[in-house]
file query-v9.txt (compact mmCIF, C-alpha atoms)
# COMPACT_ATOMS: atom_id res chain seq x y z
CA MET T 1 185.91 65.75 67.01
CA ASN T 2 188.87 64.34 68.91
CA LEU T 3 189.15 64.41 72.68
CA ASP T 4 191.25 67.58 72.93
CA GLU T 5 188.90 69.47 70.61
CA PHE T 6 185.93 68.17 72.54
CA LYS T 7 187.39 69.30 75.86
CA LEU T 8 188.03 72.83 74.60
CA ASP T 9 184.61 73.03 73.01
CA LEU T 10 182.86 71.76 76.13
CA GLU T 11 184.69 74.25 78.33
CA ALA T 12 183.77 77.06 75.97
CA LYS T 13 180.13 76.03 75.87
CA LEU T 14 179.87 75.88 79.64
CA ALA T 15 181.77 79.10 80.17
CA ALA T 16 179.28 80.86 77.95
CA MET T 17 176.29 79.58 79.90
CA ALA T 18 174.82 81.26 82.94
CA ASP T 19 173.99 79.01 85.90
CA ASP T 20 170.26 79.53 85.40
CA GLN T 21 170.47 78.48 81.78
CA LEU T 22 172.45 75.37 82.62
CA ARG T 23 170.08 74.47 85.41
CA ASP T 24 167.08 74.89 83.10
CA GLU T 25 168.67 72.71 80.45
CA LEU T 26 169.50 69.96 82.93
CA GLU T 27 166.04 70.07 84.44
CA GLN T 28 164.57 69.69 80.97
CA VAL T 29 166.43 66.40 80.58
CA GLY T 30 165.33 65.05 83.92
CA CYS T 31 167.73 66.35 86.54
CA VAL T 32 165.92 67.10 89.79
CA PHE T 33 167.14 69.79 92.11
CA ASP T 34 165.36 70.02 95.44
CA GLU T 35 167.81 72.30 97.09
CA PRO T 36 169.73 75.41 96.13
CA TRP T 37 171.36 75.13 92.75
CA LEU T 38 174.84 76.03 93.79
CA ASP T 39 176.56 74.13 96.54
CA PRO T 40 176.56 76.53 99.53
CA SER T 41 180.08 75.38 100.38
CA LEU T 42 181.27 76.98 97.14
CA ASP T 43 180.07 80.39 98.32
CA GLU T 44 181.83 79.78 101.61
CA VAL T 45 185.03 78.92 99.77
CA GLU T 46 184.87 82.16 97.80
CA LEU T 47 184.36 84.13 100.99
CA ILE T 48 187.25 82.44 102.75
CA SER T 49 189.42 82.95 99.72
CA ALA T 50 188.60 86.66 99.62
CA ASN T 51 189.35 87.07 103.33
CA ASN T 52 192.64 85.33 102.96
CA SER T 53 193.68 87.44 100.02
CA GLU T 54 193.26 90.54 102.16
CA SER T 55 195.24 89.36 105.11
CA SER T 56 197.87 87.04 103.75
CA THR T 57 199.41 85.49 100.71
CA PHE T 58 197.68 82.21 101.48
CA GLU T 59 196.66 80.30 98.40
CA ALA T 60 194.79 77.01 98.56
CA ALA T 61 194.72 74.55 95.76
CA ASP T 62 191.19 73.39 96.32
CA SER T 63 188.12 73.82 98.43
CA ASN T 64 189.19 71.15 100.92
CA GLU T 65 192.32 73.01 101.77
CA LEU T 66 190.36 76.22 102.08
CA ALA T 67 187.88 74.60 104.41
CA LEU T 68 190.69 73.24 106.53
CA ALA T 69 192.33 76.64 106.62
CA ALA T 70 189.11 78.15 107.95
CA MET M 1 182.77 47.56 67.17
CA PRO M 2 183.87 51.21 67.20
CA VAL M 3 181.26 53.52 65.75
CA ASP M 4 182.80 56.97 66.05
CA SER M 5 183.15 57.19 62.29
CA PRO M 6 179.93 58.30 60.59
CA ASN M 7 178.50 56.34 57.66
CA LEU M 8 178.97 53.09 59.51
CA THR M 9 176.01 50.78 59.67
CA MET M 10 175.27 48.74 62.76
CA THR M 11 172.83 45.90 63.18
CA GLY M 12 170.50 46.11 66.14
CA PHE M 13 167.94 43.71 67.63
CA HIS M 14 164.82 44.94 69.39
CA GLY M 15 162.48 42.74 71.43
CA CYS M 16 158.85 43.76 71.88
CA ASP M 17 155.19 42.78 72.05
CA ALA M 18 154.38 41.02 68.76
CA ASP M 19 151.33 43.24 68.37
CA SER M 20 153.63 46.25 67.94
CA VAL M 21 155.30 44.86 64.82
CA PRO M 22 152.84 46.06 62.14
CA SER M 23 152.99 49.69 63.27
CA ILE M 24 156.78 49.60 63.57
CA LYS M 25 157.19 48.17 60.10
CA ALA M 26 154.74 50.70 58.69
CA ASP M 27 155.89 53.84 60.50
CA ASN M 28 159.34 53.01 61.85
CA PHE M 29 160.25 52.87 65.54
CA LYS M 30 159.03 55.51 67.96
CA CYS M 31 161.16 56.79 70.81
CA SER M 32 160.20 55.64 74.25
CA THR M 33 160.13 58.47 76.76
CA GLY M 34 160.78 58.73 80.46
CA GLU M 35 163.61 59.47 82.82
CA HIS M 36 164.30 55.88 83.77
CA HIS M 37 165.80 54.78 80.47
CA TRP M 38 169.42 53.84 80.41
CA LEU M 39 170.59 56.45 77.91
CA GLY M 40 167.61 58.74 77.85
CA GLU M 41 164.88 58.94 75.27
CA GLY M 42 165.27 56.81 72.20
CA VAL M 43 164.71 53.41 70.66
CA TYR M 44 166.80 50.68 72.22
CA PHE M 45 168.55 47.79 70.49
CA PHE M 46 170.97 45.09 71.49
CA SER M 47 174.14 44.87 69.45
CA ALA M 48 177.03 42.46 69.05
CA GLY M 49 180.07 42.87 71.24
CA ILE M 50 179.51 41.04 74.49
CA SER M 51 176.71 38.56 73.98
CA ASN M 52 174.31 37.30 71.32
CA PRO M 53 172.15 40.35 70.59
CA SER M 54 169.26 38.39 69.09
CA GLU M 55 169.04 36.23 72.20
CA ASP M 56 169.35 39.36 74.36
CA ALA M 57 166.34 40.83 72.58
CA GLN M 58 164.35 37.64 73.12
CA ARG M 59 165.21 37.54 76.81
CA TRP M 60 164.42 41.24 77.18
CA ALA M 61 161.02 40.90 75.51
CA ILE M 62 160.17 37.98 77.80
CA ALA M 63 161.35 39.80 80.93
CA GLN M 64 159.49 42.98 80.00
CA SER M 65 156.23 41.13 79.40
CA TRP M 66 155.88 40.65 83.14
CA ASP M 67 153.79 43.36 84.80
CA SER M 68 154.67 43.37 88.48
CA ARG M 69 151.72 45.65 89.30
CA THR M 70 149.16 43.13 88.08
CA GLY M 71 151.22 40.00 88.61
CA SER M 72 150.57 38.86 85.07
CA ARG M 73 151.91 39.11 81.54
CA SER M 74 151.10 42.31 79.69
CA TYR M 75 151.54 40.43 76.40
CA LEU M 76 151.72 36.75 75.57
CA LYS M 77 153.51 36.81 72.22
CA PHE M 78 156.75 38.59 71.47
CA SER M 79 158.86 39.35 68.43
CA VAL M 80 162.44 40.26 67.74
CA LEU M 81 163.03 42.87 65.09
CA LYS M 82 166.31 43.40 63.31
CA ALA M 83 167.21 46.81 61.91
CA GLU M 84 170.13 48.43 60.17
CA ILE M 85 171.21 51.59 62.00
CA SER M 86 173.17 54.27 60.15
CA PRO M 87 174.23 57.00 62.56
CA ALA M 88 175.23 60.44 61.33
CA ASN M 89 176.90 61.48 64.58
CA PRO M 90 177.30 58.61 67.04
CA LEU M 91 178.80 58.59 70.52
CA ASP M 92 180.39 55.24 71.23
CA MET M 93 180.97 54.87 74.96
CA THR M 94 182.44 51.40 74.58
CA ASN M 95 185.79 52.86 73.53
CA ASP M 96 188.22 55.02 75.50
CA THR M 97 187.50 58.24 73.61
CA GLY M 98 183.77 57.98 74.15
CA LYS M 99 184.20 57.16 77.82
CA ALA M 100 186.59 60.08 78.26
CA LYS M 101 184.15 62.51 76.62
CA VAL M 102 181.36 61.49 78.97
CA ASN M 103 183.69 61.70 81.95
CA LEU M 104 184.78 65.21 80.95
CA ALA M 105 181.15 66.26 80.65
CA ARG M 106 180.26 64.76 84.00
CA GLU M 107 183.22 66.45 85.69
CA ALA M 108 182.42 69.81 84.15
CA LEU M 109 178.68 69.68 84.81
CA THR M 110 178.90 68.46 88.37
CA ARG M 111 181.26 71.30 89.19
CA ARG M 112 178.43 73.64 88.33
CA MET M 113 175.57 71.91 90.10
CA LYS M 114 174.50 70.10 93.20
CA PRO M 115 172.37 67.16 92.19
CA GLN M 116 170.16 65.99 95.01
CA LYS M 117 168.75 62.64 94.03
CA GLY M 118 170.60 59.54 92.95
CA TYR M 119 172.06 59.12 89.53
CA VAL M 120 172.53 62.08 87.22
CA ASP M 121 173.81 59.90 84.37
CA ASN M 122 170.60 60.11 82.41
CA ALA M 123 170.45 63.90 82.52
CA ILE M 124 174.13 64.27 81.69
CA ILE M 125 174.01 61.96 78.68
CA GLN M 126 170.86 63.60 77.36
CA TRP M 127 172.31 67.08 77.82
CA LEU M 128 175.49 65.98 76.07
CA ALA M 129 173.62 64.34 73.21
CA GLU M 130 171.50 67.41 72.64
CA LYS M 131 174.42 69.84 72.83
CA TYR M 132 176.50 67.85 70.36
CA GLY M 133 173.75 66.42 68.21
CA PHE M 134 174.58 62.78 68.89
CA ASP M 135 171.92 60.74 67.15
CA VAL M 136 173.07 57.30 68.31
CA LEU M 137 174.60 56.28 71.66
CA VAL M 138 176.36 52.98 72.30
CA GLN M 139 177.11 51.67 75.78
CA ASP M 140 177.72 48.39 77.59
CA PHE M 141 175.40 47.60 80.49
CA TYR M 142 174.57 44.93 82.97
CA ILE M 143 170.86 44.30 82.53
CA GLN M 144 168.68 42.02 84.59
CA MET M 145 166.67 39.64 82.45
CA THR M 146 164.17 37.15 83.92
CA ARG M 147 166.70 34.87 85.59
CA GLU M 148 168.70 37.74 87.05
CA ARG M 149 165.52 39.42 88.29
CA LYS M 150 164.33 36.23 89.96
CA MET M 151 167.72 35.76 91.59
CA GLY M 152 168.08 39.43 92.47
CA LEU M 153 171.47 39.12 90.87
CA ARG M 154 173.43 42.37 90.73
CA SER M 155 176.71 42.87 88.93
CA ARG M 156 179.04 45.59 87.73
CA PHE M 157 180.24 43.59 84.75
CA PRO M 158 178.29 44.40 81.58
CA ASN M 159 176.38 41.59 79.91
CA VAL M 160 174.98 43.40 76.87
CA ARG M 161 175.85 46.12 74.39
CA VAL M 162 173.02 48.60 73.92
CA ILE M 163 172.38 51.04 71.10
CA CYS M 164 170.09 53.97 71.80
CA VAL M 165 168.78 55.54 68.60
CA ARG M 166 167.63 59.05 69.42
CA LYS M 167 166.41 59.90 65.95
CA PRO M 168 165.03 56.68 64.46
CA HIS M 169 163.48 58.25 61.37
CA SER M 170 166.86 59.51 60.17
CA ALA M 171 169.10 56.72 61.46
CA ILE M 172 166.94 53.72 60.56
CA ASP M 173 165.69 52.90 57.09
CA LYS M 174 162.34 51.30 57.83
CA ASP M 175 162.76 49.02 54.84
CA SER M 176 165.65 47.41 56.71
CA ILE M 177 163.37 46.35 59.57
CA SER M 178 162.59 42.66 59.59
CA VAL M 179 161.16 40.15 62.03
CA THR M 180 163.69 37.51 62.95
CA TYR M 181 161.81 35.67 65.66
CA THR M 182 158.29 35.39 67.03
CA ALA M 183 157.14 33.13 69.83
CA LEU M 184 154.77 32.79 72.75
CA ILE M 185 156.08 33.83 76.14
CA PRO M 186 157.20 30.61 77.83
CA SER M 187 155.11 29.57 80.81
CA ASN M 188 158.14 29.42 83.07
CA PRO M 189 160.88 31.52 81.45
CA ILE M 190 164.43 31.52 82.67

call {"tool": "encode", "arguments": {"input": "query-v9.txt", "output": "structure tokens"}}
result
Amino acid sequence: MNLDEFKLDLEAKLAAMADDQLRDELEQVGCVFDEPWLDPSLDEVELISANNSESSTFEAADSNELALAA
Amino acid sequence: MPVDSPNLTMTGFHGCDADSVPSIKADNFKCSTGEHHWLGEGVYFFSAGISNPSEDAQRWAIAQSWDSRTGSRSYLKFSVLKAEISPANPLDMTNDTGKAKVNLAREALTRRMKPQKGYVDNAIIQWLAEKYGFDVLVQDFYIQMTRERKMGLRSRFPNVRVICVRKPHSAIDKDSISVTYTALIPSNPI
């Protein structure tokens, strides 16, 4: 499998997996998660993004820009 | 030595307690387990590429004989075993393609998680190997042998090439296993 094929396949595999399933699989191979699975800042980013979409045409390229905008 | 093509045989050297040799020759290698291993669960060998893999295996066996909990040697005689490794689906992380695959996986996985403690390399490589059925992993490492441990010498430049065989019974023909060196642990190893 070349690199391009691998990238597409990996993306497809991960897209098809729920967070819980991925977390379980990573824990089975030794990953330790002491705190909430998803980074809380990601939820915050989604919230900010939703608010912005209602009030303006603001679009941020990444979470840093969103955080700054908040 | 690129190993992305299947049906390629590699030669690996494994250093261990000499008392383990009869069972290895009779039943093949058994995977070591635990989260602390460099590339996850598997049997580890040194391979050509950076240094002399037979000497690496000797130095490793000597270094590993020291039990820091008891302050003594856990074995006094070591052996180096040579084996022919025939991977069906290897991941060679010594070349650009292999490195890029692991980097893609790390990027993708860490976007979905928040790891809390130290390195996640071990979990990522094991997840990747299981998802894609990689039976052999090859990677360059810097490993502290006796001298480096005594000096506390740390480095980012690799000094050995390591092969991790995840499925020894399919990748290693036990008839290919031979002892190349046996000796007593030196009284003052370097």

call {"tool": "residues_near_point", "arguments": {"input": "query-v9.txt", "point": "(155.9, 44.1, 70.0)", "cutoff": "10 Å", "atoms": "only C-alpha atoms", "output": "PyMOL selection string"}}
result
chain M and resi 14-24+61+65+75+77-81+182

call {"tool": "closest_residue", "arguments": {"input": "query-v9.txt", "among": "M:Thr11, M:Gln64, M:Asn28, M:Ser86", "to": "Phe46 in chain M", "atoms": "only C-alpha atoms"}}
result
M:Thr11

call {"tool": "residues_around", "arguments": {"input": "query-v9.txt", "residues": "range 10-21 of chain T", "least_positions_apart": "6", "cutoff": "8 Å", "atoms": "only C-alpha atoms", "output": "number ranges by chain"}}
result
M: 105, 108, 112

call {"tool": "atom_distance", "arguments": {"input": "query-v9.txt", "atom1": "CA of Val29 in chain T", "atom2": "CA of Trp38 in chain M"}}
result
12.9 Å

call {"tool": "residues_near_point", "arguments": {"input": "query-v9.txt", "point": "(179.0, 42.8, 71.4)", "cutoff": "12 Å", "atoms": "only C-alpha atoms", "output": "JSON list (two decimals) with C-alpha atoms, in the coordinates of the input"}}
result
[["chain", "number", "residue", "atom", "x", "y", "z"],
["M", 1, "MET", "CA", 182.77, 47.56, 67.17],
["M", 2, "PRO", "CA", 183.87, 51.21, 67.20],
["M", 10, "MET", "CA", 175.27, 48.74, 62.76],
["M", 11, "THR", "CA", 172.83, 45.90, 63.18],
["M", 12, "GLY", "CA", 170.50, 46.11, 66.14],
["M", 13, "PHE", "CA", 167.94, 43.71, 67.63],
["M", 45, "PHE", "CA", 168.55, 47.79, 70.49],
["M", 46, "PHE", "CA", 170.97, 45.09, 71.49],
["M", 47, "SER", "CA", 174.14, 44.87, 69.45],
["M", 48, "ALA", "CA", 177.03, 42.46, 69.05],
["M", 49, "GLY", "CA", 180.07, 42.87, 71.24],
["M", 50, "ILE", "CA", 179.51, 41.04, 74.49],
["M", 51, "SER", "CA", 176.71, 38.56, 73.98],
["M", 52, "ASN", "CA", 174.31, 37.30, 71.32],
["M", 53, "PRO", "CA", 172.15, 40.35, 70.59],
["M", 54, "SER", "CA", 169.26, 38.39, 69.09],
["M", 55, "GLU", "CA", 169.04, 36.23, 72.20],
["M", 56, "ASP", "CA", 169.35, 39.36, 74.36],
["M", 94, "THR", "CA", 182.44, 51.40, 74.58],
["M", 138, "VAL", "CA", 176.36, 52.98, 72.30],
["M", 139, "GLN", "CA", 177.11, 51.67, 75.78],
["M", 140, "ASP", "CA", 177.72, 48.39, 77.59],
["M", 141, "PHE", "CA", 175.40, 47.60, 80.49],
["M", 158, "PRO", "CA", 178.29, 44.40, 81.58],
["M", 159, "ASN", "CA", 176.38, 41.59, 79.91],
["M", 160, "VAL", "CA", 174.98, 43.40, 76.87],
["M", 161, "ARG", "CA", 175.85, 46.12, 74.39],
["M", 162, "VAL", "CA", 173.02, 48.60, 73.92],
["M", 163, "ILE", "CA", 172.38, 51.04, 71.10]]

call {"tool": "residues_around", "arguments": {"input": "query-v9.txt", "residues": "Leu26 in chain T", "least_positions_apart": "2", "cutoff": "10 Å", "atoms": "only C-alpha atoms", "output": "list in words"}}
result
Asp20, Gln21, Leu22, Arg23, Asp24, Gln28, Val29, Gly30, Cys31, Val32 and Phe33 of chain T; Leu109, Met113, Val120, Asn122, Ala123, Ile124, Gln126, Trp127 and Leu128 of chain M

call {"tool": "atom_distance", "arguments": {"input": "query-v9.txt", "atom1": "CA of Lys99 in chain M", "atom2": "CA of Arg147 in chain M"}}
result
29.4 Å

call {"tool": "closest_residue", "arguments": {"input": "query-v9.txt", "among": "M:Asp27, M:Asp67, M:Asp135, M:Glu107", "to": "chain T", "atoms": "all atoms listed in the file"}}
result
M:Glu107

call {"tool": "atom_distance", "arguments": {"input": "query-v9.txt", "atom1": "CA of Lys131 in chain M", "atom2": "CA of Ser170 in chain M"}}
result
18.0 Å

call {"tool": "residues_around", "arguments": {"input": "query-v9.txt", "residues": "Ile172 in chain M", "least_positions_apart": "4", "cutoff": "10 Å", "atoms": "only C-alpha atoms", "output": "tab-separated table (two decimals) with C-alpha atoms, keeping the file's coordinate frame"}}
result
chain	number	residue	atom	x	y	z
M	9	THR	CA	176.01	50.78	59.67
M	10	MET	CA	175.27	48.74	62.76
M	28	ASN	CA	159.34	53.01	61.85
M	29	PHE	CA	160.25	52.87	65.54
M	83	ALA	CA	167.21	46.81	61.91
M	84	GLU	CA	170.13	48.43	60.17
M	85	ILE	CA	171.21	51.59	62.00
M	86	SER	CA	173.17	54.27	60.15
M	87	PRO	CA	174.23	57.00	62.56
M	165	VAL	CA	168.78	55.54	68.60
M	167	LYS	CA	166.41	59.90	65.95
M	168	PRO	CA	165.03	56.68	64.46
M	176	SER	CA	165.65	47.41	56.71
M	177	ILE	CA	163.37	46.35	59.57

call {"tool": "closest_residue", "arguments": {"input": "query-v9.txt", "among": "M:Arg69, M:Arg106, M:His169, M:Lys150", "to": "chain T", "atoms": "only C-alpha atoms"}}
result
M:Arg106

call {"tool": "residues_around", "arguments": {"input": "query-v9.txt", "residues": "Leu137 in chain M", "least_positions_apart": "5", "cutoff": "6 Å", "atoms": "only C-alpha atoms", "output": "list in words"}}
result
Pro90, Leu91, Asp92, Ile163 and Cys164 of chain M

call {"tool": "closest_residue", "arguments": {"input": "query-v9.txt", "among": "M:Arg156, M:Lys82, M:Arg59, M:His37", "to": "chain T", "atoms": "only C-alpha atoms"}}
result
M:His37
